[in-house]
Amino acid sequence: MAKILRGEIRWANLDPTMGQEQAGERPVVILSQNIFNERSGTVIAMALTSQPPRAGFPLTHELVKPQLPKRSWVKISQIRTLSTNRIGKKLAVIDAQDLTQLLAGLNAIIGD
């Protein structure tokens, strides 16, 4: 498999899930550093959804990328560690500003 890089949006198989977790085959944005992705066999990612959010930032962040199949929002609260075996084809790459927003949203949720 090609290297999985921070900031990429890739297809991922999130099943099996429980409760309110995002399920199925869906895009995720990779948050973890490249060296972690390469050496650990896992990645840390946030799920995307095409459902308009009921809550805004810091729980969601809209991504405007023409490569995405639908209008999409990152569900910042839906962060998961995934085996690289669950990760598939690359769809797009987010820019530094979007990555900063995602990390700021996560920090707002978990605090410092």
# chains A, B, ... in the order shown; residues from 1 in each chain; ligands from 1

$ residues_around --residues "Gln97 in chain A" --least-positions-apart "4" --cutoff "12 Å" --atoms "only C-alpha atoms" --output "number ranges by chain"
A: 7, 61, 63, 93, 101-104

$ write_last_selection --atoms "N, CA and C atoms" --output "PDB file, in the first residue's frame"
ATOM      1  N   GLY A   7      -3.193  14.536   6.681  1.00  0.00           N
ATOM      2  CA  GLY A   7      -3.942  15.479   5.863  1.00  0.00           C
ATOM      3  C   GLY A   7      -4.659  14.848   4.687  1.00  0.00           C
ATOM      4  N   HIS A  61     -16.677  20.473  10.990  1.00  0.00           N
ATOM      5  CA  HIS A  61     -15.965  21.449  10.149  1.00  0.00           C
ATOM      6  C   HIS A  61     -16.211  21.064   8.691  1.00  0.00           C
ATOM      7  N   LEU A  63     -15.610  20.721   4.825  1.00  0.00           N
ATOM      8  CA  LEU A  63     -14.497  20.664   3.885  1.00  0.00           C
ATOM      9  C   LEU A  63     -15.036  20.927   2.493  1.00  0.00           C
ATOM     10  N   VAL A  93      -6.566  15.832  -0.398  1.00  0.00           N
ATOM     11  CA  VAL A  93      -5.669  16.261   0.677  1.00  0.00           C
ATOM     12  C   VAL A  93      -6.193  17.597   1.188  1.00  0.00           C
ATOM     13  N   GLN A 101      -7.774  23.902  11.862  1.00  0.00           N
ATOM     14  CA  GLN A 101      -9.147  23.988  12.373  1.00  0.00           C
ATOM     15  C   GLN A 101      -9.585  22.685  13.040  1.00  0.00           C
ATOM     16  N   LEU A 102      -9.243  21.559  12.431  1.00  0.00           N
ATOM     17  CA  LEU A 102      -9.620  20.264  13.016  1.00  0.00           C
ATOM     18  C   LEU A 102      -8.941  20.059  14.358  1.00  0.00           C
ATOM     19  N   LEU A 103      -7.662  20.376  14.428  1.00  0.00           N
ATOM     20  CA  LEU A 103      -6.929  20.202  15.680  1.00  0.00           C
ATOM     21  C   LEU A 103      -7.442  21.179  16.751  1.00  0.00           C
ATOM     22  N   ALA A 104      -7.800  22.394  16.365  1.00  0.00           N
ATOM     23  CA  ALA A 104      -8.363  23.357  17.303  1.00  0.00           C
ATOM     24  C   ALA A 104      -9.712  22.873  17.821  1.00  0.00           C
TER      25      ALA A 104
END

$ residues_around --residues "range 38-48 of chain A" --least-positions-apart "5" --cutoff "6 Å" --atoms "only C-alpha atoms" --output "list of chain:residue names"
A:Pro27, A:Val28, A:Val29, A:Ile30, A:Leu31, A:Ser32, A:Trp73, A:Val74, A:Lys75, A:Gln78, A:Ile79, A:Arg80, A:Thr81, A:Leu82, A:Ser83, A:Thr84

$ atom_distance --atom1 "CA of Lys70 in chain A" --atom2 "CA of Ile9 in chain A"
13.1 Å
